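For reference, model-v9.cif (mmCIF, C-alpha atoms):
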data_coords
#
loop_
_atom_site.label_atom_id
_atom_site.label_comp_id
_atom_site.auth_asym_id
_atom_site.auth_seq_id
_atom_site.Cartn_x
_atom_site.Cartn_y
_atom_site.Cartn_z
CA MET P 1 0.00 0.00 0.00
CA PRO P 2 1.33 3.47 -0.83
CA VAL P 3 2.31 5.76 2.03
CA ARG P 4 1.43 9.44 1.90
CA ALA P 5 2.78 12.37 3.82
CA ILE P 6 0.18 14.73 5.27
CA GLY P 7 1.91 17.49 7.19
CA ALA P 8 4.28 15.68 9.51
CA LEU P 9 2.23 12.45 9.31
CA GLN P 10 2.93 9.36 7.24
CA VAL P 11 -0.27 7.44 6.47
CA GLU P 12 -1.03 4.35 4.43
CA VAL P 13 -3.73 4.78 1.75
CA ASP P 14 -5.30 2.35 -0.73
CA ALA P 15 -5.50 2.69 -4.51
CA GLU P 16 -8.55 4.98 -4.24
CA GLY P 17 -6.96 7.19 -1.61
CA TYR P 18 -8.85 5.86 1.43
CA LEU P 19 -7.03 5.45 4.72
CA VAL P 20 -6.00 1.82 5.22
CA ASN P 21 -6.13 2.17 9.02
CA PRO P 22 -9.05 4.29 10.27
CA GLN P 23 -7.17 4.83 13.55
CA ASP P 24 -4.54 6.83 11.64
CA TRP P 25 -7.15 9.55 11.06
CA THR P 26 -6.64 13.08 12.41
CA PRO P 27 -8.55 16.31 11.73
CA GLU P 28 -5.57 17.46 9.60
CA ILE P 29 -6.09 14.44 7.35
CA ALA P 30 -9.77 15.39 6.96
CA GLU P 31 -8.75 18.93 5.99
CA ALA P 32 -6.21 17.65 3.48
CA PHE P 33 -8.54 15.07 1.88
CA ALA P 34 -11.39 17.60 1.75
CA LYS P 35 -9.17 20.09 -0.04
CA GLU P 36 -8.34 17.42 -2.64
CA GLU P 37 -12.09 16.96 -3.20
CA GLY P 38 -12.49 20.72 -3.58
CA ILE P 39 -14.38 21.05 -0.28
CA GLU P 40 -13.73 23.75 2.34
CA LEU P 41 -14.82 22.23 5.68
CA THR P 42 -17.41 24.18 7.69
CA ASP P 43 -19.05 23.41 11.06
CA ARG P 44 -21.79 21.50 9.27
CA HIS P 45 -19.21 19.32 7.49
CA TRP P 46 -17.64 18.62 10.87
CA GLU P 47 -20.99 17.57 12.34
CA VAL P 48 -21.19 14.93 9.60
CA ILE P 49 -17.55 13.86 9.97
CA ASN P 50 -17.76 13.58 13.77
CA PHE P 51 -20.98 11.59 13.48
CA VAL P 52 -19.36 9.19 11.00
CA ARG P 53 -16.25 8.76 13.20
CA LYS P 54 -18.39 8.04 16.27
CA PHE P 55 -20.63 5.62 14.33
CA TYR P 56 -17.56 3.74 13.09
CA GLU P 57 -15.97 3.58 16.53
CA GLU P 58 -19.17 2.26 18.09
CA ARG P 59 -20.22 -0.22 15.42
CA GLY P 60 -17.04 -1.06 13.52
CA GLN P 61 -18.66 -0.17 10.19
CA SER P 62 -19.27 2.96 8.16
CA PRO P 63 -22.76 4.50 8.13
CA THR P 64 -24.75 4.52 4.88
CA ILE P 65 -26.02 7.87 3.57
CA ARG P 66 -29.42 7.25 5.13
CA GLN P 67 -27.84 6.39 8.46
CA ILE P 68 -25.98 9.69 8.28
CA THR P 69 -29.07 11.74 7.40
CA THR P 70 -31.28 10.10 10.03
CA GLY P 71 -28.57 10.11 12.72
CA SER P 72 -26.58 13.32 12.31
CA GLY P 73 -29.36 15.90 11.89
CA VAL P 74 -28.03 16.89 8.46
CA PRO P 75 -30.85 16.22 5.96
CA THR P 76 -30.38 14.60 2.53
CA LYS P 77 -30.55 17.81 0.53
CA GLU P 78 -27.91 19.53 2.67
CA LEU P 79 -25.64 16.48 2.79
CA PHE P 80 -25.54 16.36 -1.01
CA LYS P 81 -24.75 20.09 -1.08
CA LEU P 82 -22.00 19.80 1.53
CA PHE P 83 -20.32 16.91 -0.28
CA PRO P 84 -21.10 17.42 -3.97
CA GLY P 85 -20.37 14.62 -6.40
CA GLY P 86 -21.34 11.68 -4.21
CA PRO P 87 -21.41 11.86 -0.41
CA ALA P 88 -21.24 8.06 0.03
CA LYS P 89 -17.62 7.96 -1.08
CA LYS P 90 -16.47 11.44 -0.13
CA VAL P 91 -17.70 11.48 3.46
CA ALA P 92 -16.08 8.11 4.13
CA ARG P 93 -12.76 9.16 2.63
CA ILE P 94 -12.63 12.48 4.50
CA ALA P 95 -13.69 10.83 7.78
CA GLY P 96 -11.02 8.17 7.27
CA VAL P 97 -13.37 5.17 7.36
CA PRO P 98 -14.03 2.45 4.74
CA LYS P 99 -16.69 2.90 2.05
CA PRO P 100 -20.13 2.01 3.47
CA ALA P 101 -21.25 -1.55 2.73
CA GLY P 102 -25.03 -0.92 2.82
CA CYS P 103 -27.16 0.13 -0.16
CA ILE P 104 -29.47 2.70 1.40
CA MET N 105 -9.79 15.57 -12.85
CA ALA N 106 -11.93 17.07 -15.61
CA GLU N 107 -14.03 14.02 -16.36
CA THR N 108 -17.65 14.06 -17.53
CA THR N 109 -20.28 13.01 -14.99
CA ARG N 110 -21.66 9.52 -15.49
CA LYS N 111 -25.41 9.50 -16.17
CA MET N 112 -28.00 6.82 -15.52
CA ALA N 113 -31.66 6.77 -16.47
CA PHE N 114 -34.19 4.31 -15.11
CA ILE N 115 -37.52 3.51 -16.74
CA CYS N 116 -40.08 2.24 -14.21
CA SER N 117 -42.88 0.44 -16.02
CA LYS N 118 -44.18 -1.79 -13.23
CA GLY N 119 -46.41 -0.90 -10.29
CA ASN N 120 -46.02 -3.90 -7.99
CA LEU N 121 -44.23 -3.30 -4.72
CA ASP N 122 -41.34 -5.66 -5.54
CA MET N 123 -40.81 -3.93 -8.90
CA ALA N 124 -40.87 -0.45 -7.36
CA TYR N 125 -37.69 -0.84 -5.38
CA PRO N 126 -34.99 -1.83 -7.91
CA ALA N 127 -34.83 1.59 -9.61
CA LEU N 128 -35.18 3.47 -6.33
CA ILE N 129 -32.37 1.56 -4.63
CA MET N 130 -30.03 1.58 -7.62
CA GLY N 131 -30.81 5.24 -8.25
CA TRP N 132 -30.01 6.09 -4.63
CA ALA N 133 -26.75 4.14 -4.80
CA ALA N 134 -25.85 5.97 -8.02
CA LEU N 135 -26.50 9.39 -6.48
CA GLY N 136 -24.30 8.45 -3.54
CA VAL N 137 -21.31 8.07 -5.81
CA GLY N 138 -21.98 11.18 -7.84
CA VAL N 139 -23.87 9.72 -10.80
CA ASP N 140 -26.54 11.93 -12.41
CA VAL N 141 -29.93 10.14 -12.11
CA THR N 142 -33.17 10.48 -14.09
CA ILE N 143 -36.23 8.28 -13.54
CA PHE N 144 -39.08 8.00 -16.06
CA PHE N 145 -42.35 6.49 -14.81
CA THR N 146 -44.56 4.91 -17.45
CA PHE N 147 -47.55 2.53 -17.61
CA TRP N 148 -48.01 0.76 -14.27
CA GLY N 149 -44.91 2.51 -13.00
CA LEU N 150 -47.05 5.65 -12.65
CA ASP N 151 -48.51 4.08 -9.50
CA LEU N 152 -45.22 4.80 -7.73
CA ILE N 153 -45.70 8.55 -8.07
CA ARG N 154 -49.49 8.78 -7.79
CA LYS N 155 -50.63 10.39 -4.55
CA ASP N 156 -53.52 7.94 -4.25
CA ARG N 157 -51.49 4.82 -5.09
CA VAL N 158 -47.97 5.22 -3.69
CA ASP N 159 -48.85 3.92 -0.22
CA LYS N 160 -50.99 1.09 -1.61
CA LEU N 161 -48.53 -0.76 -3.83
CA GLY N 162 -49.01 -4.50 -3.48
CA LEU N 163 -47.23 -7.78 -3.98
CA PRO N 164 -49.57 -10.33 -5.61
CA PRO N 165 -48.25 -13.88 -5.19
CA VAL N 166 -49.92 -15.13 -8.40
CA GLY N 167 -47.64 -15.60 -11.38
CA ASN N 168 -44.49 -15.25 -9.32
CA ALA N 169 -42.62 -18.57 -9.26
CA SER N 170 -39.80 -17.10 -7.20
CA MET N 171 -42.00 -16.16 -4.30
CA ARG N 172 -41.42 -18.66 -1.53
CA THR N 173 -42.32 -18.63 2.13
CA GLY N 174 -38.71 -18.22 3.27
CA MET N 175 -38.38 -14.82 1.68
CA MET N 176 -41.53 -13.69 3.43
CA GLY N 177 -40.20 -14.32 6.91
CA PHE N 178 -41.35 -17.89 7.55
CA PRO N 179 -38.82 -20.25 9.14
CA PHE N 180 -39.46 -22.85 6.39
CA ASP N 181 -38.92 -22.32 2.67
CA VAL N 182 -41.56 -23.78 0.34
CA GLY N 183 -43.20 -22.51 -2.85
CA ILE N 184 -46.64 -20.89 -2.69
CA PRO N 185 -49.08 -22.82 -4.94
CA GLN N 186 -50.78 -20.54 -7.49
CA LEU N 187 -54.18 -21.76 -6.33
CA VAL N 188 -53.39 -20.56 -2.80
CA GLY N 189 -52.16 -17.26 -4.21
CA VAL N 190 -55.55 -16.46 -5.73
CA LEU N 191 -57.39 -16.74 -2.41
CA PRO N 192 -58.86 -13.44 -1.19
CA GLY N 193 -56.48 -11.61 1.08
CA MET N 194 -53.30 -13.32 -0.14
CA THR N 195 -52.00 -10.18 -1.84
CA ALA N 196 -52.57 -8.20 1.34
CA VAL N 197 -50.75 -10.86 3.39
CA ALA N 198 -47.78 -11.01 1.00
CA THR N 199 -47.61 -7.20 0.86
CA ALA N 200 -47.66 -6.85 4.64
CA LEU N 201 -44.95 -9.48 5.01
CA MET N 202 -42.72 -7.82 2.43
CA LYS N 203 -43.20 -4.39 4.00
CA GLY N 204 -42.27 -5.87 7.37
CA LYS N 205 -39.11 -7.36 5.91
CA MET N 206 -38.13 -4.08 4.25
CA LYS N 207 -38.64 -2.22 7.50
CA GLN N 208 -36.41 -4.70 9.31
CA MET N 209 -33.72 -4.01 6.70
CA ASP N 210 -34.21 -0.26 7.28
CA VAL N 211 -35.44 0.27 3.71
CA PRO N 212 -37.85 3.23 3.74
CA PRO N 213 -41.33 3.08 2.18
CA VAL N 214 -41.59 4.05 -1.52
CA ARG N 215 -42.94 7.53 -0.74
CA GLU N 216 -39.99 8.32 1.50
CA MET N 217 -37.44 6.84 -0.92
CA LEU N 218 -38.81 9.07 -3.68
CA GLU N 219 -38.36 12.11 -1.44
CA MET N 220 -34.78 11.05 -0.67
CA LEU N 221 -34.03 10.66 -4.38
CA HIS N 222 -35.56 14.05 -5.13
CA ASP N 223 -33.61 15.74 -2.31
CA ALA N 224 -30.41 14.12 -3.56
CA GLY N 225 -30.94 15.65 -6.99
CA ALA N 226 -32.60 12.92 -9.06
CA LYS N 227 -34.99 14.12 -11.78
CA LEU N 228 -38.35 12.37 -11.75
CA TYR N 229 -40.67 12.43 -14.77
CA ALA N 230 -44.07 10.97 -15.63
CA CYS N 231 -44.71 9.66 -19.15
CA LYS N 232 -47.16 11.93 -20.96
CA MET N 233 -48.80 9.28 -23.10
CA THR N 234 -49.69 7.00 -20.20
CA VAL N 235 -50.70 9.98 -18.04
CA ASP N 236 -53.16 11.01 -20.79
CA MET N 237 -54.28 7.43 -21.30
CA ALA N 238 -55.15 7.11 -17.61
CA GLY N 239 -56.87 10.52 -17.62
CA LEU N 240 -54.52 11.88 -14.96
CA LYS N 241 -53.27 15.42 -14.28
CA LYS N 242 -50.16 16.97 -12.75
CA GLU N 243 -51.94 17.37 -9.40
CA ASP N 244 -52.57 13.62 -9.20
CA PHE N 245 -48.84 13.12 -8.73
CA LEU N 246 -46.53 13.67 -5.77
CA ASP N 247 -44.90 17.10 -5.57
CA ILE N 248 -41.46 15.57 -6.10
CA VAL N 249 -42.35 14.82 -9.74
CA ASP N 250 -40.50 17.38 -11.88
CA ASP N 251 -42.71 17.25 -14.94
CA ILE N 252 -44.83 15.23 -17.35
CA VAL N 253 -42.79 14.67 -20.49
CA THR N 254 -43.05 12.79 -23.79
CA ALA N 255 -40.93 9.78 -24.72
CA THR N 256 -39.07 12.04 -27.15
CA ASP N 257 -38.24 14.51 -24.36
CA PHE N 258 -36.98 11.64 -22.23
CA ILE N 259 -34.75 10.28 -25.00
CA GLU N 260 -33.32 13.73 -25.64
CA MET N 261 -32.67 14.58 -21.99
CA THR N 262 -30.91 11.27 -21.34
CA GLU N 263 -28.40 11.51 -24.16
CA GLY N 264 -25.27 9.61 -23.19
CA ALA N 265 -26.93 8.00 -20.14
CA GLN N 266 -26.92 4.32 -19.32
CA ILE N 267 -30.55 3.24 -19.48
CA VAL N 268 -32.08 0.63 -17.19
CA PHE N 269 -35.57 -0.64 -18.01
CA ILE N 270 -37.56 -2.16 -15.19
#

Would you write the structure of this file as structure tokens?
Amino acid sequence: MPVRAIGALQVEVDAEGYLVNPQDWTPEIAEAFAKEEGIELTDRHWEVINFVRKFYEERGQSPTIRQITTGSGVPTKELFKLFPGGPAKKVARIAGVPKPAGCI
Amino acid sequence: MAETTRKMAFICSKGNLDMAYPALIMGWAALGVGVDVTIFFTFWGLDLIRKDRVDKLGLPPVGNASMRTGMMGFPFDVGIPQLVGVLPGMTAVATALMKGKMKQMDVPPVREMLEMLHDAGAKLYACKMTVDMAGLKKEDFLDIVDDIVTATDFIEMTEGAQIVFI
């Protein structure tokens, strides 16, 4: 697996740029990955990211989009605006967790 | 990273509950990964977007060889004889069982899935010819329906899209 430098950190990423080890994640990594996706993180983005991190820590799996919208208080329309071009993949990458396995 | 956005268009022509979900679930998955989604409802598929029908979609067991008891939540898995399927109330039973299963899987009802798709940016259209044939009007459809369009309009607006007919 390729290793990337983010600031002073060295992290392992897969071919699609996802963190290999979710425990490597730091807020700086989120900022860096978001910038690559063309997203400037706001408080609302952080609400989503923190929700996803907590969900993953508690359940050992990534939330689906619907689990994010029903659990985080950020509705569908806003979530798609915050993470344009496909929140399923982008949220997971920025939050440093694997792609969600569910369909809904 | 200047790549063109992938486009998918789904044609929903069936109004049974089991045939309502494929386009809605695939469409939702597509939106999640940034694919542009258009859904065209035609013939029986109009039931999915009709205010008076969307919550009443059913699952008739007759003519469905794949429908077995196991899939409906029973602990044993046997086929349902067609002659049993025609008994009064069997469609209601099968529908209730399927809805229960979907709820367990956290799959929202059709009305809610349509709202999710709309909020996520999918375009939803009713087929003009079948709307006219059924004597329906714009106000008979859910507010999330963008417009009533002709087959020609649909073909033109989905240029370059991958088309899935259901």

Handout entry: Residues returned when the PyMOL selection byres ((chain N) within 9 of (chain P)) runs on this file, as JSON, numbers by chain
Key = {"N": [109, 129, 130, 132, 133, 134, 135, 136, 137, 138, 139, 210, 211, 212, 220, 221, 222, 223, 224, 225]}

Exercise for the section: Could you list the residues chosen by the PyMOL selection byres ((chain N and resi 227) around 6) in this structure as a list of chain:residue names? Expected result: N:Thr142, N:Ala226, N:Leu228

Handout entry: Expected selection from the PyMOL selection byres ((chain P and resi 37) around 12), given as a ChimeraX atom specification
Key = /P:17,30-36,38-41,82-87,89-91,93-94 /N:105

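Using all atoms listed in the file, the smallest distance between any of N:Thr256, N:Thr234, N:Val214, N:Thr108 and Ala124 in chain N comes from N:Val214.
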
Problem - Counting all atoms listed in the file, the residue of N:Ala265, N:Leu191, N:Leu218, N:Met175 that sits nearest Asp247 in chain N - result: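 Going through N:Ala265, N:Leu191, N:Leu218, N:Met175 one by one, the smallest distance to Asp247 in chain N is for N:Leu218.
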
Handout entry: CA of Pro100 in chain P to CA of Ser62 in chain P, straight-line distance in Å
Key =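 Straight-line distance from CA of Ser62 in chain P to CA of Pro100 in chain P works out to 4.9 Å.
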
Exercise for the section: Mind checking which residues fall within 12 Å of Glu243 in chain N, counting only C-alpha atoms, ignoring those fewer than 2 positions away in the same chain, and posting them as a ChimeraX atom specification? Expected result: /N:153-156,230,235,239-241,245-252

Practice task
Name all residues at most 9 Å from Met1 in chain P (count only C-alpha atoms; drop same-chain ones fewer than 6 positions away) and give them as number ranges by chain.
Solution key: P: 12-15, 20

Dump of C-alpha atoms for the selected residues, as a PDB file, keeping the file's coordinate frame:
ATOM      1  CA  GLU P  12      -1.030   4.350   4.430  1.00  0.00           C
ATOM      2  CA  VAL P  13      -3.730   4.780   1.750  1.00  0.00           C
ATOM      3  CA  ASP P  14      -5.300   2.350  -0.730  1.00  0.00           C
ATOM      4  CA  ALA P  15      -5.500   2.690  -4.510  1.00  0.00           C
ATOM      5  CA  VAL P  20      -6.000   1.820   5.220  1.00  0.00           C
TER       6      VAL P  20
END

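The spacing separating CA of Ile270 in chain N from CA of Phe144 in chain N amounts to 10.3 Å.
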
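Excluding Thr262 in chain N itself and same-chain residues fewer than 4 positions from it, the residues having an atom within 10 Å of it are N:Lys111, N:Met112, N:Ala113, N:Phe114, N:Asp140, N:Val141, N:Thr142, N:Ile143, N:Asp257, N:Phe258, N:Gln266, N:Ile267, counting all atoms listed in the file.
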
Give me a file of those residues, with C-alpha atoms, as a PDB file, keeping the file's coordinate frame.
ATOM      1  CA  LYS N 111     -25.410   9.500 -16.170  1.00  0.00           C
ATOM      2  CA  MET N 112     -28.000   6.820 -15.520  1.00  0.00           C
ATOM      3  CA  ALA N 113     -31.660   6.770 -16.470  1.00  0.00           C
ATOM      4  CA  PHE N 114     -34.190   4.310 -15.110  1.00  0.00           C
ATOM      5  CA  ASP N 140     -26.540  11.930 -12.410  1.00  0.00           C
ATOM      6  CA  VAL N 141     -29.930  10.140 -12.110  1.00  0.00           C
ATOM      7  CA  THR N 142     -33.170  10.480 -14.090  1.00  0.00           C
ATOM      8  CA  ILE N 143     -36.230   8.280 -13.540  1.00  0.00           C
ATOM      9  CA  ASP N 257     -38.240  14.510 -24.360  1.00  0.00           C
ATOM     10  CA  PHE N 258     -36.980  11.640 -22.230  1.00  0.00           C
ATOM     11  CA  GLN N 266     -26.920   4.320 -19.320  1.00  0.00           C
ATOM     12  CA  ILE N 267     -30.550   3.240 -19.480  1.00  0.00           C
TER      13      ILE N 267
END
